[in-house]
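Student: Quick one, my_file-v2.pdb (PDB, C-alpha atoms):
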```pdb
ATOM      1  CA  MET A   1       4.895 -13.156  -1.595  1.00  0.00           C
ATOM      2  CA  TYR A   2       1.135 -13.756  -1.745  1.00  0.00           C
ATOM      3  CA  LEU A   3       1.647 -17.268  -3.145  1.00  0.00           C
ATOM      4  CA  LEU A   4       4.189 -18.076  -0.420  1.00  0.00           C
ATOM      5  CA  ILE A   5       1.864 -16.850   2.339  1.00  0.00           C
ATOM      6  CA  ASN A   6      -1.063 -18.732   0.829  1.00  0.00           C
ATOM      7  CA  ASP A   7       0.986 -21.948   0.732  1.00  0.00           C
ATOM      8  CA  LYS A   8       1.927 -21.518   4.389  1.00  0.00           C
ATOM      9  CA  PHE A   9      -1.721 -20.895   5.319  1.00  0.00           C
ATOM     10  CA  ASN A  10      -2.685 -24.140   3.601  1.00  0.00           C
ATOM     11  CA  TYR A  11       0.111 -26.029   5.341  1.00  0.00           C
ATOM     12  CA  LEU A  12      -0.833 -24.677   8.769  1.00  0.00           C
ATOM     13  CA  ILE A  13      -4.501 -25.530   8.346  1.00  0.00           C
ATOM     14  CA  THR A  14      -3.618 -29.061   7.205  1.00  0.00           C
ATOM     15  CA  SER A  15      -1.127 -29.442  10.053  1.00  0.00           C
ATOM     16  CA  LEU A  16      -3.634 -28.136  12.596  1.00  0.00           C
ATOM     17  CA  LYS A  17      -6.281 -30.624  11.479  1.00  0.00           C
ATOM     18  CA  ALA A  18      -3.808 -33.519  11.729  1.00  0.00           C
ATOM     19  CA  ILE A  19      -2.619 -32.473  15.192  1.00  0.00           C
ATOM     20  CA  GLN A  20      -6.187 -31.889  16.414  1.00  0.00           C
ATOM     21  CA  LYS A  21      -7.161 -35.374  15.241  1.00  0.00           C
ATOM     22  CA  GLN A  22      -4.290 -36.962  17.155  1.00  0.00           C
ATOM     23  CA  VAL A  23      -4.906 -34.841  20.263  1.00  0.00           C
ATOM     24  CA  LYS A  24      -8.560 -35.943  20.392  1.00  0.00           C
ATOM     25  CA  MET A  25      -7.356 -39.542  20.663  1.00  0.00           C
ATOM     26  CA  LEU A  26      -4.987 -38.793  23.547  1.00  0.00           C
ATOM     27  CA  PRO A  27      -6.046 -39.155  27.188  1.00  0.00           C
ATOM     28  CA  LEU A  28      -6.458 -35.704  28.758  1.00  0.00           C
ATOM     29  CA  GLU A  29      -3.454 -36.184  31.037  1.00  0.00           C
ATOM     30  CA  LEU A  30      -1.176 -36.465  28.000  1.00  0.00           C
ATOM     31  CA  VAL A  31      -2.245 -33.163  26.423  1.00  0.00           C
ATOM     32  CA  SER A  32       0.136 -30.458  27.643  1.00  0.00           C
ATOM     33  CA  ASP A  33      -0.727 -26.799  28.157  1.00  0.00           C
ATOM     34  CA  ASP A  34       1.808 -25.839  25.475  1.00  0.00           C
ATOM     35  CA  LEU A  35       0.082 -28.036  22.903  1.00  0.00           C
ATOM     36  CA  GLN A  36      -3.314 -26.585  23.798  1.00  0.00           C
ATOM     37  CA  SER A  37      -1.880 -23.067  23.487  1.00  0.00           C
ATOM     38  CA  PHE A  38      -0.524 -23.845  20.024  1.00  0.00           C
ATOM     39  CA  ILE A  39      -3.876 -25.181  18.798  1.00  0.00           C
ATOM     40  CA  GLN A  40      -5.771 -22.200  20.210  1.00  0.00           C
ATOM     41  CA  GLU A  41      -3.346 -19.713  18.663  1.00  0.00           C
ATOM     42  CA  VAL A  42      -3.524 -21.267  15.200  1.00  0.00           C
ATOM     43  CA  GLU A  43      -7.316 -21.446  15.419  1.00  0.00           C
ATOM     44  CA  ARG A  44      -7.460 -17.787  16.452  1.00  0.00           C
ATOM     45  CA  VAL A  45      -5.244 -16.563  13.644  1.00  0.00           C
ATOM     46  CA  LEU A  46      -6.141 -18.846  10.758  1.00  0.00           C
ATOM     47  CA  VAL A  47      -9.642 -20.111  11.436  1.00  0.00           C
ATOM     48  CA  CYS A  48     -11.470 -17.444  13.439  1.00  0.00           C
ATOM     49  CA  SER A  49      -9.876 -14.229  12.179  1.00  0.00           C
ATOM     50  CA  PRO A  50      -7.241 -14.719   9.454  1.00  0.00           C
ATOM     51  CA  ARG A  51      -7.193 -10.979   8.706  1.00  0.00           C
ATOM     52  CA  MET A  52      -5.691 -10.371  12.157  1.00  0.00           C
ATOM     53  CA  MET A  53      -2.390 -11.856  11.000  1.00  0.00           C
ATOM     54  CA  GLN A  54       0.117  -9.101  11.759  1.00  0.00           C
ATOM     55  CA  ASP A  55       2.870  -9.901   9.289  1.00  0.00           C
ATOM     56  CA  PHE A  56       4.855 -12.585   7.517  1.00  0.00           C
ATOM     57  CA  GLN A  57       7.044 -13.130  10.602  1.00  0.00           C
ATOM     58  CA  GLU A  58       4.017 -14.163  12.655  1.00  0.00           C
ATOM     59  CA  LEU A  59       3.051 -16.658   9.972  1.00  0.00           C
ATOM     60  CA  LYS A  60       6.621 -17.947   9.870  1.00  0.00           C
ATOM     61  CA  LYS A  61       6.609 -18.362  13.662  1.00  0.00           C
ATOM     62  CA  LEU A  62       3.375 -20.377  13.591  1.00  0.00           C
ATOM     63  CA  THR A  63       4.716 -22.580  10.807  1.00  0.00           C
ATOM     64  CA  GLN A  64       7.874 -23.338  12.796  1.00  0.00           C
ATOM     65  CA  TRP A  65       5.744 -24.068  15.849  1.00  0.00           C
ATOM     66  CA  ALA A  66       3.655 -26.525  13.821  1.00  0.00           C
ATOM     67  CA  LEU A  67       6.771 -28.303  12.563  1.00  0.00           C
ATOM     68  CA  GLU A  68       8.083 -28.683  16.109  1.00  0.00           C
ATOM     69  CA  TRP A  69       4.808 -30.155  17.363  1.00  0.00           C
ATOM     70  CA  GLU A  70       4.633 -32.611  14.486  1.00  0.00           C
ATOM     71  CA  LYS A  71       8.124 -33.817  15.390  1.00  0.00           C
ATOM     72  CA  ASN A  72       7.180 -33.979  19.075  1.00  0.00           C
ATOM     73  CA  LEU A  73       4.077 -36.084  18.524  1.00  0.00           C
ATOM     74  CA  ILE A  74       5.901 -38.606  16.375  1.00  0.00           C
ATOM     75  CA  SER A  75       9.270 -38.478  14.657  1.00  0.00           C
ATOM     76  CA  PHE A  76      11.051 -40.994  12.482  1.00  0.00           C
ATOM     77  CA  GLU A  77      14.797 -41.572  12.208  1.00  0.00           C
ATOM     78  CA  SER A  78      14.621 -43.040   8.736  1.00  0.00           C
ATOM     79  CA  SER A  79      18.362 -43.648   8.346  1.00  0.00           C
ATOM     80  CA  ASP A  80      18.360 -46.467  10.899  1.00  0.00           C
ATOM     81  CA  SER A  81      14.651 -47.299  10.620  1.00  0.00           C
ATOM     82  CA  HIS A  82      14.102 -46.328  14.250  1.00  0.00           C
ATOM     83  CA  VAL A  83      10.885 -44.770  15.510  1.00  0.00           C
ATOM     84  CA  ILE A  84      10.648 -42.277  18.350  1.00  0.00           C
ATOM     85  CA  ALA A  85       7.248 -41.056  19.517  1.00  0.00           C
ATOM     86  CA  SER A  86       5.969 -39.052  22.439  1.00  0.00           C
ATOM     87  CA  ASN A  87       2.681 -40.940  22.899  1.00  0.00           C
ATOM     88  CA  ILE A  88       0.615 -43.260  20.698  1.00  0.00           C
ATOM     89  CA  VAL A  89      -3.090 -44.116  20.801  1.00  0.00           C
ATOM     90  CA  ASN A  90      -4.890 -46.657  18.590  1.00  0.00           C
ATOM     91  CA  THR A  91      -1.825 -46.836  16.365  1.00  0.00           C
ATOM     92  CA  ASP A  92       0.262 -49.527  14.675  1.00  0.00           C
ATOM     93  CA  ILE A  93       4.014 -48.879  14.519  1.00  0.00           C
ATOM     94  CA  VAL A  94       6.417 -51.040  12.525  1.00  0.00           C
ATOM     95  CA  ALA A  95      10.176 -50.413  12.585  1.00  0.00           C
ATOM     96  CA  ALA A  96      13.188 -52.376  11.403  1.00  0.00           C
ATOM     97  CA  GLY A  97      15.211 -50.950  14.300  1.00  0.00           C
ATOM     98  CA  ASP A  98      14.301 -49.653  17.753  1.00  0.00           C
ATOM     99  CA  VAL A  99      11.042 -48.124  18.945  1.00  0.00           C
ATOM    100  CA  LYS A 100      11.129 -45.631  21.801  1.00  0.00           C
ATOM    101  CA  ILE A 101       8.088 -44.001  23.405  1.00  0.00           C
ATOM    102  CA  THR A 102       9.329 -41.058  25.438  1.00  0.00           C
ATOM    103  CA  GLY A 103       6.132 -39.527  26.833  1.00  0.00           C
ATOM    104  CA  GLY A 104       3.182 -40.767  28.861  1.00  0.00           C
ATOM    105  CA  GLY A 105       2.859 -44.006  26.955  1.00  0.00           C
ATOM    106  CA  CYS A 106       0.746 -46.138  24.619  1.00  0.00           C
ATOM    107  CA  TYR A 107      -2.938 -47.007  24.624  1.00  0.00           C
ATOM    108  CA  ASN A 108      -4.593 -49.757  22.560  1.00  0.00           C
ATOM    109  CA  SER A 109      -1.695 -49.859  20.125  1.00  0.00           C
ATOM    110  CA  ARG A 110       0.555 -52.396  18.444  1.00  0.00           C
ATOM    111  CA  ILE A 111       4.330 -52.065  18.170  1.00  0.00           C
ATOM    112  CA  GLN A 112       6.513 -54.295  16.007  1.00  0.00           C
ATOM    113  CA  ALA A 113      10.275 -53.753  16.167  1.00  0.00           C
ATOM    114  CA  GLY A 114      13.263 -55.478  14.624  1.00  0.00           C
ATOM    115  CA  ASN A 115      15.305 -54.626  17.697  1.00  0.00           C
ATOM    116  CA  LYS A 116      14.568 -53.004  21.079  1.00  0.00           C
ATOM    117  CA  VAL A 117      11.388 -51.414  22.419  1.00  0.00           C
ATOM    118  CA  THR A 118      11.417 -48.867  25.232  1.00  0.00           C
ATOM    119  CA  VAL A 119       8.228 -47.399  26.685  1.00  0.00           C
ATOM    120  CA  ASN A 120       9.052 -44.904  29.415  1.00  0.00           C
ATOM    121  CA  GLY A 121       5.434 -44.568  30.509  1.00  0.00           C
ATOM    122  CA  VAL A 122       2.510 -46.981  30.360  1.00  0.00           C
ATOM    123  CA  PHE A 123       1.579 -49.600  27.780  1.00  0.00           C
ATOM    124  CA  ARG A 124      -2.127 -50.417  28.130  1.00  0.00           C
ATOM    125  CA  GLY A 125      -4.042 -52.580  25.730  1.00  0.00           C
ATOM    126  CA  GLY A 126      -2.456 -53.947  22.596  1.00  0.00           C
ATOM    127  CA  GLU A 127       0.717 -55.828  21.836  1.00  0.00           C
ATOM    128  CA  ILE A 128       4.467 -55.402  21.551  1.00  0.00           C
ATOM    129  CA  GLN A 129       6.501 -57.658  19.258  1.00  0.00           C
ATOM    130  CA  ALA A 130      10.263 -57.200  19.440  1.00  0.00           C
ATOM    131  CA  LYS A 131      13.320 -59.216  18.522  1.00  0.00           C
ATOM    132  CA  GLY A 132      15.432 -57.346  21.067  1.00  0.00           C
ATOM    133  CA  ASP A 133      15.058 -56.304  24.695  1.00  0.00           C
ATOM    134  CA  VAL A 134      11.897 -54.620  25.949  1.00  0.00           C
ATOM    135  CA  HIS A 135      11.595 -52.142  28.804  1.00  0.00           C
ATOM    136  CA  ILE A 136       8.229 -50.805  29.974  1.00  0.00           C
ATOM    137  CA  GLY A 137       7.452 -48.388  32.771  1.00  0.00           C
ATOM    138  CA  GLU A 138       3.985 -49.790  33.445  1.00  0.00           C
ATOM    139  CA  LEU A 139       2.363 -52.734  31.677  1.00  0.00           C
ATOM    140  CA  GLY A 140      -1.401 -53.288  31.551  1.00  0.00           C
ATOM    141  CA  SER A 141      -4.009 -51.772  33.843  1.00  0.00           C
ATOM    142  CA  LYS A 142      -6.049 -52.764  36.858  1.00  0.00           C
ATOM    143  CA  GLY A 143      -9.019 -54.783  35.664  1.00  0.00           C
ATOM    144  CA  GLY A 144      -8.077 -54.064  32.061  1.00  0.00           C
ATOM    145  CA  GLY A 145      -7.917 -56.346  29.053  1.00  0.00           C
ATOM    146  CA  THR A 146      -4.966 -58.508  28.131  1.00  0.00           C
ATOM    147  CA  THR A 147      -1.791 -56.690  27.170  1.00  0.00           C
ATOM    148  CA  LYS A 148       0.926 -58.783  25.516  1.00  0.00           C
ATOM    149  CA  VAL A 149       4.674 -58.568  25.018  1.00  0.00           C
ATOM    150  CA  LEU A 150       6.329 -61.029  22.610  1.00  0.00           C
ATOM    151  CA  THR A 151      10.107 -61.204  22.175  1.00  0.00           C
ATOM    152  CA  GLY A 152      12.855 -63.427  20.813  1.00  0.00           C
ATOM    153  CA  LEU A 153      14.732 -66.112  22.736  1.00  0.00           C
ATOM    154  CA  GLU A 154      17.723 -63.873  23.476  1.00  0.00           C
ATOM    155  CA  ALA A 155      15.743 -60.911  24.781  1.00  0.00           C
ATOM    156  CA  THR A 156      15.341 -59.569  28.302  1.00  0.00           C
ATOM    157  CA  VAL A 157      12.067 -57.969  29.390  1.00  0.00           C
ATOM    158  CA  THR A 158      12.094 -55.476  32.263  1.00  0.00           C
ATOM    159  CA  ILE A 159       8.963 -53.854  33.694  1.00  0.00           C
ATOM    160  CA  ASP A 160       8.807 -51.318  36.509  1.00  0.00           C
ATOM    161  CA  LEU A 161       5.172 -52.146  37.304  1.00  0.00           C
ATOM    162  CA  ALA A 162       3.046 -54.940  35.793  1.00  0.00           C
ATOM    163  CA  HIS A 163      -0.695 -55.408  36.331  1.00  0.00           C
ATOM    164  CA  GLU A 164      -2.601 -58.665  36.418  1.00  0.00           C
ATOM    165  CA  ASN A 165      -3.675 -60.156  33.064  1.00  0.00           C
ATOM    166  CA  ALA A 166      -0.551 -58.848  31.341  1.00  0.00           C
ATOM    167  CA  VAL A 167       1.302 -61.557  29.404  1.00  0.00           C
ATOM    168  CA  VAL A 168       4.966 -61.825  28.397  1.00  0.00           C
ATOM    169  CA  LEU A 169       6.172 -64.419  25.868  1.00  0.00           C
ATOM    170  CA  LEU A 170       9.877 -65.007  25.266  1.00  0.00           C
ATOM    171  CA  GLY A 171      10.326 -67.250  22.258  1.00  0.00           C
ATOM    172  CA  GLY A 172       7.156 -69.147  23.118  1.00  0.00           C
ATOM    173  CA  TYR A 173       7.806 -69.398  26.870  1.00  0.00           C
ATOM    174  CA  GLY A 174       5.115 -67.421  28.636  1.00  0.00           C
ATOM    175  CA  TYR A 175       4.487 -65.661  31.931  1.00  0.00           C
ATOM    176  CA  CYS A 176       1.047 -64.357  32.902  1.00  0.00           C
ATOM    177  CA  PHE A 177       0.800 -61.875  35.752  1.00  0.00           C
ATOM    178  CA  LEU A 178      -1.807 -62.951  38.298  1.00  0.00           C
ATOM    179  CA  ARG A 179      -1.198 -59.958  40.554  1.00  0.00           C
ATOM    180  CA  LYS A 180       0.431 -56.546  40.462  1.00  0.00           C
ATOM    181  CA  GLU A 181       4.232 -56.848  40.543  1.00  0.00           C
ATOM    182  CA  ARG A 182       7.179 -54.447  40.571  1.00  0.00           C
ATOM    183  CA  ASN A 183      10.758 -54.471  39.279  1.00  0.00           C
ATOM    184  CA  VAL A 184      10.113 -57.409  36.980  1.00  0.00           C
ATOM    185  CA  ARG A 185      12.853 -59.022  34.915  1.00  0.00           C
ATOM    186  CA  LEU A 186      12.202 -61.957  32.588  1.00  0.00           C
ATOM    187  CA  LYS A 187      14.836 -63.859  30.611  1.00  0.00           C
ATOM    188  CA  LEU A 188      15.588 -67.372  29.388  1.00  0.00           C
ATOM    189  CA  ASP A 189      18.661 -69.009  30.911  1.00  0.00           C
ATOM    190  CA  GLU A 190      21.252 -71.114  29.072  1.00  0.00           C
ATOM    191  CA  THR A 191      19.075 -74.225  29.296  1.00  0.00           C
ATOM    192  CA  GLY A 192      15.990 -72.469  27.917  1.00  0.00           C
ATOM    193  CA  ASN A 193      14.152 -72.138  31.221  1.00  0.00           C
ATOM    194  CA  LEU A 194      12.275 -68.922  31.919  1.00  0.00           C
ATOM    195  CA  LYS A 195      13.796 -66.984  34.804  1.00  0.00           C
ATOM    196  CA  TYR A 196      11.596 -64.521  36.660  1.00  0.00           C
ATOM    197  CA  TYR A 197      12.630 -61.800  39.087  1.00  0.00           C
ATOM    198  CA  GLY A 198      10.170 -59.426  40.714  1.00  0.00           C
ATOM    199  CA  THR A 199       8.335 -58.445  43.879  1.00  0.00           C
ATOM    200  CA  PRO A 200       4.625 -58.110  44.730  1.00  0.00           C
ATOM    201  CA  ALA A 201       3.408 -54.525  44.505  1.00  0.00           C
TER     202      ALA A 201
END
```
In structure tokens, what does this structure look like?

Tutor:
Amino acid sequence: MYLLINDKFNYLITSLKAIQKQVKMLPLELVSDDLQSFIQEVERVLVCSPRMMQDFQELKKLTQWALEWEKNLISFESSDSHVIASNIVNTDIVAAGDVKITGGGCYNSRIQAGNKVTVNGVFRGGEIQAKGDVHIGELGSKGGGTTKVLTGLEATVTIDLAHENAVVLLGGYGYCFLRKERNVRLKLDETGNLKYYGTPA
């Protein structure tokens, strides 16, 4: 029993350090109250006063909590080589299949996908390379650096809100946003001409 508890202590401390490192890189608006509560609880029990641990069940509960947060921050579906993440910051992601960012978004990161890329939130700074379709909630930032999206000839790129200086390349055919635009759709037609649909924001 002692060896098992000791192993779980070591795992939790290692897990906490990894999660803390990733949280420090996240913008404050992406750090939820639940995540902060988890970090504070593990610090209280394991770092500040480990002797206050009530019983094995409490340790088991914290371990399960750590596993859930690790999956929430970034999880891999290895069978299909897909990647699903909540948020990414200063990170490179490479997947043979789809990449889906379900949380607030991506900051200064690079995504390379063999198929589709979906970013529900923002994509600011960095680059997306995808062979399939790309959908982004918000691309670039006001007055920010260049943010690029590169796709194959057959792909469709849809963006809810695009900022100036953002660039989209479909098989070498490019579109640079010179102003803020909404409901953007970019695709090559049958003759290879770039078709743009969108409205000024």

Student: Quick check on the file I pasted: which residues fall under the PyMOL selection byres ((chain A and resi 99) around 10)? Write them as a JSON list (two decimals) with C-alpha atoms, in the frame of the given file.

Tutor:
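Generated output (part.json):
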```json
[["chain", "number", "residue", "atom", "x", "y", "z"],
["A", 76, "PHE", "CA", 11.05, -40.99, 12.48],
["A", 81, "SER", "CA", 14.65, -47.30, 10.62],
["A", 82, "HIS", "CA", 14.10, -46.33, 14.25],
["A", 83, "VAL", "CA", 10.88, -44.77, 15.51],
["A", 84, "ILE", "CA", 10.65, -42.28, 18.35],
["A", 85, "ALA", "CA", 7.25, -41.06, 19.52],
["A", 93, "ILE", "CA", 4.01, -48.88, 14.52],
["A", 94, "VAL", "CA", 6.42, -51.04, 12.52],
["A", 95, "ALA", "CA", 10.18, -50.41, 12.58],
["A", 96, "ALA", "CA", 13.19, -52.38, 11.40],
["A", 97, "GLY", "CA", 15.21, -50.95, 14.30],
["A", 98, "ASP", "CA", 14.30, -49.65, 17.75],
["A", 100, "LYS", "CA", 11.13, -45.63, 21.80],
["A", 101, "ILE", "CA", 8.09, -44.00, 23.40],
["A", 102, "THR", "CA", 9.33, -41.06, 25.44],
["A", 111, "ILE", "CA", 4.33, -52.06, 18.17],
["A", 112, "GLN", "CA", 6.51, -54.30, 16.01],
["A", 113, "ALA", "CA", 10.28, -53.75, 16.17],
["A", 114, "GLY", "CA", 13.26, -55.48, 14.62],
["A", 115, "ASN", "CA", 15.30, -54.63, 17.70],
["A", 116, "LYS", "CA", 14.57, -53.00, 21.08],
["A", 117, "VAL", "CA", 11.39, -51.41, 22.42],
["A", 118, "THR", "CA", 11.42, -48.87, 25.23],
["A", 119, "VAL", "CA", 8.23, -47.40, 26.68],
["A", 130, "ALA", "CA", 10.26, -57.20, 19.44],
["A", 134, "VAL", "CA", 11.90, -54.62, 25.95]]
```

Student: Set the distance at 10 Å and use all atoms listed in the file: which residues neighbour Val149 in chain A once local chain neighbours fewer than 6 positions away are removed? I'd like the list as a list of chain:residue names.

Tutor: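 Result of the neighbour search: A:Arg110, A:Ile111, A:Phe123, A:Gly126, A:Glu127, A:Ile128, A:Gln129, A:Ala130, A:Val134, A:Ile136, A:Leu139, A:Val157, A:Ala166, A:Val167, A:Val168, A:Leu169, A:Leu170, A:Gly174, A:Tyr175.
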
Student: So which one's closest to Thr151 in chain A, A:Asp33, A:His135, A:Asn90, A:Gly104? Using only C-alpha atoms, please.

Tutor: A:His135

Student: Taking the file as shown, find all residues satisfying the PyMOL selection byres ((chain A and resi 138) around 6) and write them as a compact mmCIF listing (two decimals) with C-alpha atoms, in the coordinates of the input.

Tutor:
```
# COMPACT_ATOMS: atom_id res chain seq x y z
CA VAL A 122 2.51 -46.98 30.36
CA ILE A 136 8.23 -50.80 29.97
CA GLY A 137 7.45 -48.39 32.77
CA LEU A 139 2.36 -52.73 31.68
CA ASP A 160 8.81 -51.32 36.51
CA LEU A 161 5.17 -52.15 37.30
CA ALA A 162 3.05 -54.94 35.79
```

Student: How many Å lie between CA of Gly152 in chain A and CA of Asn87 in chain A, rounded to one decimal?

Tutor: 24.8 Å

Student: If you measure from CA of Lys142 in chain A to CA of Gln36 in chain A, what distance in Å do you get, rounded to one decimal?

Tutor: 29.4 Å

Student: CA of Thr156 in chain A and CA of Gly143 in chain A are how many Å apart?

Tutor: 25.9 Å

Student: What are the centre and the three edge lengths of an axis-aligned box that wraps all atoms of range 134-142 of chain A in the file, given that 8 Å is added to every side, written as lines of an AutoDock Vina configuration file and rounded to one decimal in Å?

Tutor:
```
center_x = 2.9
center_y = -51.5
center_z = 31.4
size_x = 33.9
size_y = 22.2
size_z = 26.9
```

Student: Once the PyMOL selection byres ((chain A and resi 187) around 7) is applied to the coordinates I shared, what remains selected? I want it as a VMD selection string.

Tutor: chain A and resid 155 to 157 185 to 186 188 to 189 194 to 196

Student: Those residues you just picked out, can you put them in a file as an mmCIF file, in the frame of the given file with C-alpha atoms?

Tutor:
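Wrote out23.cif, looks like this:
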```cif
data_model
loop_
_atom_site.group_PDB
_atom_site.id
_atom_site.type_symbol
_atom_site.label_atom_id
_atom_site.label_comp_id
_atom_site.auth_asym_id
_atom_site.auth_seq_id
_atom_site.Cartn_x
_atom_site.Cartn_y
_atom_site.Cartn_z
ATOM 1 C CA ALA A 155 15.743 -60.911 24.781
ATOM 2 C CA THR A 156 15.341 -59.569 28.302
ATOM 3 C CA VAL A 157 12.067 -57.969 29.390
ATOM 4 C CA ARG A 185 12.853 -59.022 34.915
ATOM 5 C CA LEU A 186 12.202 -61.957 32.588
ATOM 6 C CA LEU A 188 15.588 -67.372 29.388
ATOM 7 C CA ASP A 189 18.661 -69.009 30.911
ATOM 8 C CA LEU A 194 12.275 -68.922 31.919
ATOM 9 C CA LYS A 195 13.796 -66.984 34.804
ATOM 10 C CA TYR A 196 11.596 -64.521 36.660
#
```

Student: Of the residues A:Glu164, A:Gly172, A:Arg179, A:Glu190, which is the one nearest to Leu150 in chain A, using all atoms listed in the file?

Tutor: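 So, comparing all the options, the nearest one is A:Gly172.
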
Student: Counting all atoms listed in the file, I want the residues whose atoms come within 7 Å of (-2.7, -52.3, 25.3) in the file frame, returned as a ChimeraX atom specification.

Tutor: /A:107-109,123-127,140,147
